[in-house]
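J.: So here's data.cif, just mmCIF, C-alpha atoms and all ligand atoms:
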```
data_input
loop_
_atom_site.label_atom_id
_atom_site.label_comp_id
_atom_site.auth_asym_id
_atom_site.auth_seq_id
_atom_site.Cartn_x
_atom_site.Cartn_y
_atom_site.Cartn_z
CA MET A 208 1.42 150.94 92.96
CA ASN A 209 -0.31 147.73 94.10
CA ASP A 210 -1.31 145.46 91.27
CA THR A 211 -5.02 144.75 91.89
CA GLY A 212 -5.02 141.93 89.33
CA LYS A 213 -8.00 143.58 87.59
CA THR A 214 -7.79 143.72 83.81
CA ALA A 215 -9.22 146.14 81.26
CA LEU A 216 -9.26 146.29 77.48
CA ILE A 217 -9.75 149.90 76.37
CA VAL A 218 -10.40 150.32 72.66
CA GLY A 219 -9.50 153.69 71.10
CA ALA A 220 -7.00 154.96 73.67
CA SER A 221 -4.38 156.87 71.66
CA ARG A 222 -5.41 160.31 72.96
CA GLY A 223 -8.20 162.27 74.64
CA LEU A 224 -10.58 160.46 76.98
CA GLY A 225 -9.47 156.93 76.08
CA TYR A 226 -5.83 157.71 76.82
CA ALA A 227 -6.82 159.39 80.11
CA LEU A 228 -9.02 156.44 81.10
CA THR A 229 -6.09 154.10 80.44
CA ALA A 230 -3.79 156.23 82.65
CA GLU A 231 -6.52 156.40 85.32
CA PHE A 232 -7.01 152.62 85.55
CA LEU A 233 -3.23 152.11 85.60
CA SER A 234 -3.01 154.56 88.52
CA ARG A 235 -5.65 152.44 90.28
CA GLY A 236 -3.51 149.31 89.94
CA TRP A 237 -5.28 147.71 86.98
CA ARG A 238 -3.56 145.86 84.15
CA VAL A 239 -4.64 147.48 80.88
CA THR A 240 -4.54 146.49 77.24
CA ALA A 241 -5.12 149.71 75.29
CA THR A 242 -5.51 150.11 71.53
CA GLU A 243 -4.35 152.68 69.00
CA ARG A 244 -4.59 152.90 65.21
CA THR A 245 -1.12 154.34 64.68
CA PRO A 246 1.81 154.73 67.11
CA SER A 247 0.76 157.04 69.93
CA ALA A 248 1.67 158.34 73.40
CA LEU A 249 0.50 154.99 74.80
CA HIS A 250 4.04 153.65 74.24
CA GLU A 251 5.54 156.29 76.55
CA LEU A 252 2.85 155.53 79.11
CA ALA A 253 3.75 151.84 78.90
CA GLU A 254 7.36 152.65 79.81
CA SER A 255 6.26 153.98 83.22
CA ALA A 256 3.54 151.36 83.81
CA GLU A 257 5.70 148.63 85.36
CA GLY A 258 4.61 146.10 82.76
CA ARG A 259 0.90 146.66 83.40
CA LEU A 260 0.14 148.32 80.02
CA THR A 261 0.08 146.38 76.76
CA VAL A 262 -0.47 148.34 73.56
CA GLU A 263 -2.49 146.76 70.75
CA THR A 264 -3.55 148.03 67.33
CA VAL A 265 -7.03 148.10 65.83
CA ASP A 266 -9.18 150.28 63.59
CA ILE A 267 -12.68 149.46 64.78
CA THR A 268 -14.19 150.13 61.35
CA VAL A 269 -12.22 147.24 59.79
CA PRO A 270 -13.85 143.93 60.81
CA GLU A 271 -10.75 141.92 59.79
CA GLN A 272 -8.66 143.97 62.24
CA VAL A 273 -11.19 143.41 65.03
CA ALA A 274 -11.19 139.66 64.33
CA ALA A 275 -7.37 139.62 64.29
CA LEU A 276 -7.31 141.43 67.66
CA ARG A 277 -9.68 138.77 69.04
CA GLU A 278 -7.25 136.08 67.87
CA ARG A 279 -4.24 137.82 69.44
CA LEU A 280 -6.10 138.18 72.76
CA ALA A 281 -7.51 134.63 72.69
CA ARG A 282 -5.85 133.67 75.98
CA SER A 283 -6.84 136.87 77.82
CA ALA A 284 -9.71 137.45 80.24
CA PHE A 285 -10.90 140.94 81.12
CA ASP A 286 -12.88 142.46 83.98
CA LEU A 287 -13.69 145.40 81.72
CA LEU A 288 -14.07 145.85 77.98
CA TYR A 289 -14.49 149.53 77.24
CA VAL A 290 -15.06 150.88 73.73
CA ASN A 291 -14.08 154.54 73.79
CA ALA A 292 -13.36 155.20 70.10
CA GLY A 293 -15.62 157.75 68.49
CA THR A 294 -15.66 160.57 65.98
CA ASN A 295 -17.46 163.67 64.78
CA TYR A 296 -17.90 165.18 61.30
CA THR A 297 -14.87 166.26 59.37
CA THR A 298 -16.79 169.31 58.20
CA ASP A 299 -18.49 171.84 60.52
CA PRO A 300 -19.58 169.82 63.57
CA SER A 301 -22.56 172.11 64.06
CA ALA A 302 -23.90 171.24 60.58
CA THR A 303 -27.52 170.07 60.59
CA VAL A 304 -28.71 166.90 58.92
CA ALA A 305 -29.67 169.11 55.99
CA ASP A 306 -26.04 170.21 55.55
CA VAL A 307 -24.05 167.06 56.18
CA SER A 308 -22.77 165.02 53.25
CA THR A 309 -23.95 161.43 52.88
CA GLU A 310 -20.32 160.34 53.08
CA ASP A 311 -19.73 162.15 56.39
CA PHE A 312 -23.04 160.88 57.79
CA ALA A 313 -22.06 157.31 56.95
CA ARG A 314 -18.56 157.74 58.41
CA VAL A 315 -19.90 159.00 61.74
CA MET A 316 -22.51 156.24 61.92
CA VAL A 317 -20.10 153.45 60.99
CA THR A 318 -17.53 154.66 63.55
CA ASN A 319 -19.87 155.54 66.45
CA VAL A 320 -22.66 152.99 66.02
CA LEU A 321 -21.89 149.91 63.96
CA SER A 322 -18.22 149.50 64.88
CA PRO A 323 -18.47 149.71 68.70
CA LEU A 324 -21.15 146.99 68.60
CA ARG A 325 -19.05 144.88 66.24
CA VAL A 326 -16.17 145.17 68.70
CA ILE A 327 -18.46 144.12 71.54
CA GLU A 328 -19.94 141.20 69.58
CA THR A 329 -16.47 140.00 68.58
CA LEU A 330 -14.66 140.46 71.90
CA GLN A 331 -17.40 139.98 74.50
CA ASP A 332 -16.49 136.37 75.22
CA LEU A 333 -13.15 137.61 76.60
CA VAL A 334 -15.03 139.39 79.42
CA ARG A 335 -15.43 137.49 82.68
CA ALA A 336 -18.93 136.58 83.94
CA THR A 337 -18.41 139.11 86.75
CA GLY A 338 -17.14 141.74 84.32
CA THR A 339 -18.37 144.89 82.64
CA ILE A 340 -18.82 145.86 79.00
CA GLY A 341 -18.89 149.63 78.58
CA VAL A 342 -19.11 152.11 75.73
CA MET A 343 -18.43 155.83 75.61
CA SER A 344 -21.82 157.25 74.78
CA SER A 345 -22.70 160.89 75.45
CA GLY A 346 -25.38 162.97 77.13
CA GLN A 347 -26.06 164.07 73.55
CA GLY A 348 -27.39 160.57 72.90
CA SER A 349 -30.39 161.28 75.13
CA ILE A 350 -33.56 161.68 73.07
CA ALA A 351 -35.53 162.87 76.11
CA ASP A 352 -33.03 165.66 76.89
CA ASN A 353 -32.74 166.94 73.33
CA THR A 354 -34.68 170.17 73.68
CA LYS A 355 -32.15 172.46 71.99
CA GLY A 356 -30.92 170.47 68.97
CA GLY A 357 -27.41 171.07 67.67
CA PHE A 358 -24.73 168.55 66.71
CA GLU A 359 -27.57 166.63 65.07
CA VAL A 360 -25.76 163.78 63.40
CA TYR A 361 -23.38 163.20 66.32
CA ARG A 362 -26.40 163.15 68.67
CA ALA A 363 -28.20 160.70 66.40
CA SER A 364 -25.14 158.44 66.34
CA LYS A 365 -25.00 158.22 70.14
CA SER A 366 -28.80 157.63 70.35
CA ALA A 367 -28.42 154.79 67.86
CA LEU A 368 -25.46 153.43 69.84
CA ASN A 369 -27.64 153.44 72.98
CA GLN A 370 -30.44 151.66 71.12
CA LEU A 371 -28.11 148.93 69.86
CA MET A 372 -26.79 148.41 73.40
CA ARG A 373 -30.40 147.99 74.58
CA SER A 374 -30.93 145.38 71.90
CA PHE A 375 -27.69 143.65 72.93
CA ALA A 376 -28.88 143.72 76.57
CA ALA A 377 -32.28 142.32 75.60
CA ARG A 378 -30.62 139.51 73.65
CA HIS A 379 -28.40 138.71 76.66
CA ALA A 380 -31.06 139.07 79.36
CA ASP A 381 -29.62 136.20 81.42
CA ASP A 382 -26.04 137.46 81.12
CA PRO A 383 -24.73 138.45 84.58
CA ARG A 384 -22.29 141.00 83.17
CA THR A 385 -22.81 144.73 83.66
CA LEU A 386 -23.43 146.85 80.55
CA LEU A 387 -22.67 150.58 80.69
CA LEU A 388 -23.31 153.53 78.40
CA MET A 389 -21.25 156.38 79.84
CA ALA A 390 -21.75 160.13 79.40
CA PRO A 391 -18.46 161.79 80.37
CA GLY A 392 -19.73 165.39 80.14
CA TRP A 393 -18.58 167.97 77.59
CA VAL A 394 -14.79 167.71 77.75
CA LYS A 395 -11.90 169.65 76.19
CA THR A 396 -10.40 167.18 73.72
CA GLU A 397 -9.90 167.31 69.98
CA LEU A 398 -13.51 166.12 69.60
CA GLY A 399 -14.98 168.22 72.43
CA GLY A 400 -13.15 171.39 71.32
CA PRO A 401 -11.50 174.14 73.38
CA GLY A 402 -14.85 175.64 74.45
CA ALA A 403 -15.94 172.51 76.32
CA ARG A 404 -17.03 172.85 79.93
CA LEU A 405 -14.74 170.28 81.58
CA THR A 406 -11.07 169.37 81.53
CA ILE A 407 -10.17 165.72 81.08
CA ASP A 408 -9.14 165.63 84.77
CA GLU A 409 -12.59 166.86 85.76
CA SER A 410 -14.28 164.07 83.80
CA ILE A 411 -12.27 160.86 83.71
CA PRO A 412 -11.81 160.11 87.44
CA GLY A 413 -15.60 160.25 87.80
CA VAL A 414 -16.07 157.99 84.78
CA ALA A 415 -13.65 155.46 86.32
CA ASP A 416 -15.34 155.75 89.76
CA THR A 417 -18.71 155.03 88.14
CA ILE A 418 -17.39 152.06 86.16
CA GLU A 419 -15.88 150.60 89.36
CA ALA A 420 -19.00 151.34 91.43
CA TYR A 421 -21.21 149.44 88.96
CA ALA A 422 -18.96 146.37 88.76
CA GLY A 423 -20.95 143.22 89.51
CA LYS A 424 -24.36 144.95 89.47
CA GLY A 425 -25.48 143.44 86.14
CA GLY A 426 -28.03 145.02 83.80
CA LEU A 427 -27.69 147.95 81.38
CA HIS A 428 -27.16 151.47 82.75
CA TYR A 429 -26.89 154.86 80.99
CA LEU A 430 -24.88 156.98 83.42
CA ASP A 431 -23.07 160.26 83.74
CA ARG A 432 -19.65 160.66 85.36
CA GLU A 433 -21.27 161.12 88.78
CA GLY A 434 -23.09 157.80 88.47
CA LYS A 435 -26.48 159.44 87.89
CA THR A 436 -28.85 157.89 85.35
CA VAL A 437 -29.15 159.90 82.12
CA ASN A 438 -32.65 160.20 80.62
CA TRP A 439 -32.96 157.84 77.67
N1 LIG B 501 -15.03 165.19 74.43
C1 LIG B 501 -16.32 165.22 74.72
O1 LIG B 501 -16.88 166.27 75.09
C2 LIG B 501 -17.14 163.97 74.66
C3 LIG B 501 -18.42 164.01 75.25
C4 LIG B 501 -19.20 162.87 75.22
C5 LIG B 501 -18.73 161.70 74.62
N2 LIG B 501 -17.48 161.70 74.05
C6 LIG B 501 -17.04 160.44 73.45
O2 LIG B 501 -15.83 160.03 74.07
C7 LIG B 501 -15.07 159.24 73.15
C8 LIG B 501 -13.66 159.80 73.06
O3 LIG B 501 -13.75 161.13 72.61
P1 LIG B 501 -12.60 162.22 72.79
O4 LIG B 501 -13.28 163.47 73.17
O5 LIG B 501 -11.50 161.69 73.64
O6 LIG B 501 -12.16 162.37 71.25
P2 LIG B 501 -10.72 162.43 70.56
O7 LIG B 501 -9.76 163.17 71.41
O8 LIG B 501 -11.02 162.90 69.19
O9 LIG B 501 -10.26 160.88 70.54
C9 LIG B 501 -10.95 159.95 69.76
C10 LIG B 501 -10.29 158.60 69.98
O10 LIG B 501 -11.03 157.62 69.23
C11 LIG B 501 -10.10 156.94 68.38
N3 LIG B 501 -10.73 156.51 67.15
C12 LIG B 501 -11.47 157.24 66.28
N4 LIG B 501 -11.86 156.48 65.24
C13 LIG B 501 -11.36 155.24 65.45
C14 LIG B 501 -11.39 154.03 64.74
N5 LIG B 501 -12.02 153.93 63.56
N6 LIG B 501 -10.77 152.95 65.26
C15 LIG B 501 -10.11 153.03 66.44
N7 LIG B 501 -10.02 154.16 67.16
C16 LIG B 501 -10.63 155.26 66.67
C17 LIG B 501 -9.02 157.97 68.10
O11 LIG B 501 -7.85 157.33 67.60
P3 LIG B 501 -6.83 158.06 66.55
O12 LIG B 501 -5.85 158.81 67.42
O13 LIG B 501 -6.23 156.92 65.81
O14 LIG B 501 -7.65 158.98 65.69
C18 LIG B 501 -8.85 158.56 69.49
O15 LIG B 501 -8.10 157.72 70.32
C19 LIG B 501 -15.83 159.29 71.82
O16 LIG B 501 -16.63 158.13 71.71
C20 LIG B 501 -16.71 160.52 71.97
O17 LIG B 501 -17.84 160.48 71.16
C21 LIG B 501 -16.67 162.80 74.06
#
```
Please lay out the structure from this file as structure tokens.
Ligand SMILES: NC(=O)c1ccc[n+]([C@@H]2O[C@H](COP(=O)([O-])OP(=O)(O)OC[C@H]3O[C@@H](n4cnc5c(N)ncnc54)[C@H](OP(=O)(O)O)[C@@H]3O)[C@@H](O)[C@H]2O)c1
T.:
Amino acid sequence: MNDTGKTALIVGASRGLGYALTAEFLSRGWRVTATERTPSALHELAESAEGRLTVETVDITVPEQVAALRERLARSAFDLLYVNAGTNYTTDPSATVADVSTEDFARVMVTNVLSPLRVIETLQDLVRATGTIGVMSSGQGSIADNTKGGFEVYRASKSALNQLMRSFAARHADDPRTLLLMAPGWVKTELGGPGARLTIDESIPGVADTIEAYAGKGGLHYLDREGKTVNW
């Protein structure tokens, strides 16, 4: 595999879509730093990655750990920072806002909304001026497309994530870097469940294609895996 010299930092890559995105960029010749919370399959992947995968540790909900990661990566520069980490309720994921506990609501919001933005705020200066800052959002974050309800708190978390990225974009209006909110489709993972429409292999190559296609374009884009704009 040719080393393209491109570099990515993928946060939340121990399994599911983040792990697959890491493997996908490695297969495209990128150098990847990928994070886990506890030892994961990333270490086996690193063994076959010809030195192009570095494994780091961070829990995005612990600001001290995010700051420590920033310190460890102080001499790095990335073409892509991608925050993939996300969660759903521990109880029934179809619970409405009337059913969910305050504790579970807060956990989902802290993980899916506050923490990705904290990671971006803390690590964004490691991203090159020509680079991209992306987050794994969801089609469920679309307010305009929510005609059927369901997965209410998860949906609300991704809508709030999108809103905070818009605020970040507004605050950095002169920043040449590209900002992406990606909707990977409904995918069979632990979070997506076995009834999801797509396999990981049907989703992630398109997500990576879209990230690469938008490199250097600048601005904030809310996109699906085919590169089509999702209704806000
Ligand atoms: N699957 C879908 O249908 C779908 C659709 C749209 C969007 N998404 C989004 O895609 C992203 C990945 O989802 P997935 O389906 O791959 O889920 P998954 O298989 O459950 O994987 C979740 C990943 O996030 C990591 N993570 C969770 N909390 C974290 C924290 N506090 N700090 C650091 N890492 C953390 C997990 O690490 P551990 O192994 O340490 O738990 C794991 O690597 C999420 O943002 C999700 O909302 C998924």
J.: Could you pull the residues within 12 Å of Asp431 (chain A), counting all atoms listed in the file, minus those fewer than 2 positions along the same chain, as a short mmCIF file (atom, residue, chain, number, x, y, z; two decimals) with C-alpha atoms, in the coordinates of the input?
T.:
```cif
data_model
loop_
_atom_site.label_atom_id
_atom_site.label_comp_id
_atom_site.auth_asym_id
_atom_site.auth_seq_id
_atom_site.Cartn_x
_atom_site.Cartn_y
_atom_site.Cartn_z
CA MET A 343 -18.43 155.83 75.61
CA SER A 344 -21.82 157.25 74.78
CA SER A 345 -22.70 160.89 75.45
CA GLY A 346 -25.38 162.97 77.13
CA GLN A 347 -26.06 164.07 73.55
CA GLY A 348 -27.39 160.57 72.90
CA SER A 349 -30.39 161.28 75.13
CA LEU A 387 -22.67 150.58 80.69
CA LEU A 388 -23.31 153.53 78.40
CA MET A 389 -21.25 156.38 79.84
CA ALA A 390 -21.75 160.13 79.40
CA PRO A 391 -18.46 161.79 80.37
CA GLY A 392 -19.73 165.39 80.14
CA TRP A 393 -18.58 167.97 77.59
CA SER A 410 -14.28 164.07 83.80
CA ILE A 411 -12.27 160.86 83.71
CA PRO A 412 -11.81 160.11 87.44
CA GLY A 413 -15.60 160.25 87.80
CA VAL A 414 -16.07 157.99 84.78
CA ALA A 415 -13.65 155.46 86.32
CA ASP A 416 -15.34 155.75 89.76
CA THR A 417 -18.71 155.03 88.14
CA ILE A 418 -17.39 152.06 86.16
CA HIS A 428 -27.16 151.47 82.75
CA TYR A 429 -26.89 154.86 80.99
CA GLU A 433 -21.27 161.12 88.78
CA GLY A 434 -23.09 157.80 88.47
CA LYS A 435 -26.48 159.44 87.89
CA THR A 436 -28.85 157.89 85.35
CA VAL A 437 -29.15 159.90 82.12
CA ASN A 438 -32.65 160.20 80.62
CA TRP A 439 -32.96 157.84 77.67
#
```
J.: Go through A:Ala367, A:Val342, A:Leu333, A:Ala253 one by one, measure the shortest atom-to-atom distance of each to Val317 (chain A) using only C-alpha atoms, and give the residue with the smallest value.
T.: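 Among A:Ala367, A:Val342, A:Leu333, A:Ala253, it is A:Ala367 that comes nearest to Val317 (chain A).
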J.: Determine, for each residue of chain A having at least one atom at most 7 Å from an atom of ligand LIG 501 (chain B), the closest pair of atoms and their separation in Å to one decimal, counting all atoms listed in the file; order by chain and ascending number, as CSV.
T.:
```
residue,atom,partner,partner_atom,distance
A:Val218,CA,B:LIG501,N7,6.7
A:Gly219,CA,B:LIG501,N7,4.0
A:Ala220,CA,B:LIG501,O15,4.5
A:Ser221,CA,B:LIG501,O15,4.0
A:Arg222,CA,B:LIG501,O15,4.6
A:Gly223,CA,B:LIG501,O5,3.5
A:Leu224,CA,B:LIG501,O5,3.7
A:Gly225,CA,B:LIG501,O5,5.7
A:Tyr226,CA,B:LIG501,O15,6.9
A:Glu243,CA,B:LIG501,O13,5.6
A:Arg244,CA,B:LIG501,O13,4.4
A:Thr245,CA,B:LIG501,O13,5.8
A:Val265,CA,B:LIG501,C15,5.8
A:Asp266,CA,B:LIG501,N6,3.5
A:Ile267,CA,B:LIG501,N6,4.0
A:Thr268,CA,B:LIG501,N5,4.9
A:Asn291,CA,B:LIG501,C7,4.8
A:Ala292,CA,B:LIG501,O10,3.5
A:Gly293,CA,B:LIG501,O16,3.4
A:Thr294,CA,B:LIG501,C12,5.4
A:Thr318,CA,B:LIG501,N5,5.6
A:Asn319,CA,B:LIG501,O16,6.7
A:Met343,CA,B:LIG501,O16,4.9
A:Ser344,CA,B:LIG501,C5,5.4
A:Ser345,CA,B:LIG501,C4,4.0
A:Gly346,CA,B:LIG501,C4,6.5
A:Ala390,CA,B:LIG501,C4,5.6
A:Pro391,CA,B:LIG501,C4,5.3
A:Gly392,CA,B:LIG501,C3,5.2
A:Trp393,CA,B:LIG501,O1,3.5
A:Val394,CA,B:LIG501,O1,3.7
A:Lys395,CA,B:LIG501,N1,5.7
A:Thr396,CA,B:LIG501,O7,4.7
A:Glu397,CA,B:LIG501,O7,4.4
A:Leu398,CA,B:LIG501,O8,4.1
A:Gly399,CA,B:LIG501,N1,3.6
A:Ala403,CA,B:LIG501,O1,6.4
```
J.: Just the number, please: distance in Å from CA of Ser364 (chain A) to CA of Pro323 (chain A), one decimal.
T.: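 If I compute the distance from CA of Ser364 (chain A) to CA of Pro323 (chain A), I get 11.2 Å.
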J.: Which protein, DNA or RNA residues have an atom at most 6 Å from (-2.8, 146.2, 88.4), counting all atoms listed in the file? List them as an MDAnalysis selection string.
T.: chainID A and resid 210:213 236:238
J.: What does the structure give for the distance between CA of Glu271 (chain A) and CA of Val290 (chain A), in Å to one decimal?
T.: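 Separation of CA of Glu271 (chain A) and CA of Val290 (chain A): 17.1 Å.
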J.: Return the single residue from A:Ile350, A:Leu368, A:Ile407, A:Ala230 that is closest to Ser322 (chain A), with distances computed using all atoms listed in the file.
T.: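 For Ser322 (chain A), the nearest of the candidates is A:Leu368.
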J.: Would you work out the distance separating CA of Arg384 (chain A) from CA of Leu287 (chain A), expressed in Å to one decimal?
T.: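 Going from CA of Arg384 (chain A) over to CA of Leu287 (chain A) covers 9.8 Å.
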J.: Using only C-alpha atoms, can you tell me which of A:Asp311, A:Glu328, A:Asp306, A:Asp408 comes closest to Met372 (chain A)?
T.: A:Glu328
J.: If we count all atoms listed in the file, what is near Tyr361 (chain A) at a cut-off of 8 Å, once residues fewer than 2 positions away on the same chain are taken out, given as a list in words?
T.: Asn295, Tyr296, Val315, Gln347, Phe358, Glu359, Ala363, Ser364 and Lys365 of chain A
J.: Could you give me the centre and size, in Å to one decimal, of an axis-aligned box around all listed atoms of region 352-371 of chain A with 8 Å added on every side, as lines of an AutoDock Vina configuration file?
T.:
```
center_x = -29.0
center_y = 160.7
center_z = 70.1
size_x = 27.3
size_y = 39.5
size_z = 29.5
```
J.: Pick the closest to Arg259 (chain A) from A:Arg235, A:Arg314, A:Arg325, A:Arg373: which is it, counting only C-alpha atoms?
T.: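 For Arg259 (chain A), the nearest of the candidates is A:Arg235.
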J.: Tell me which of A:Val269, A:Leu321, A:Leu216, A:Ala336 sits closest to Asp382 (chain A), counting only C-alpha atoms.
T.: A:Ala336
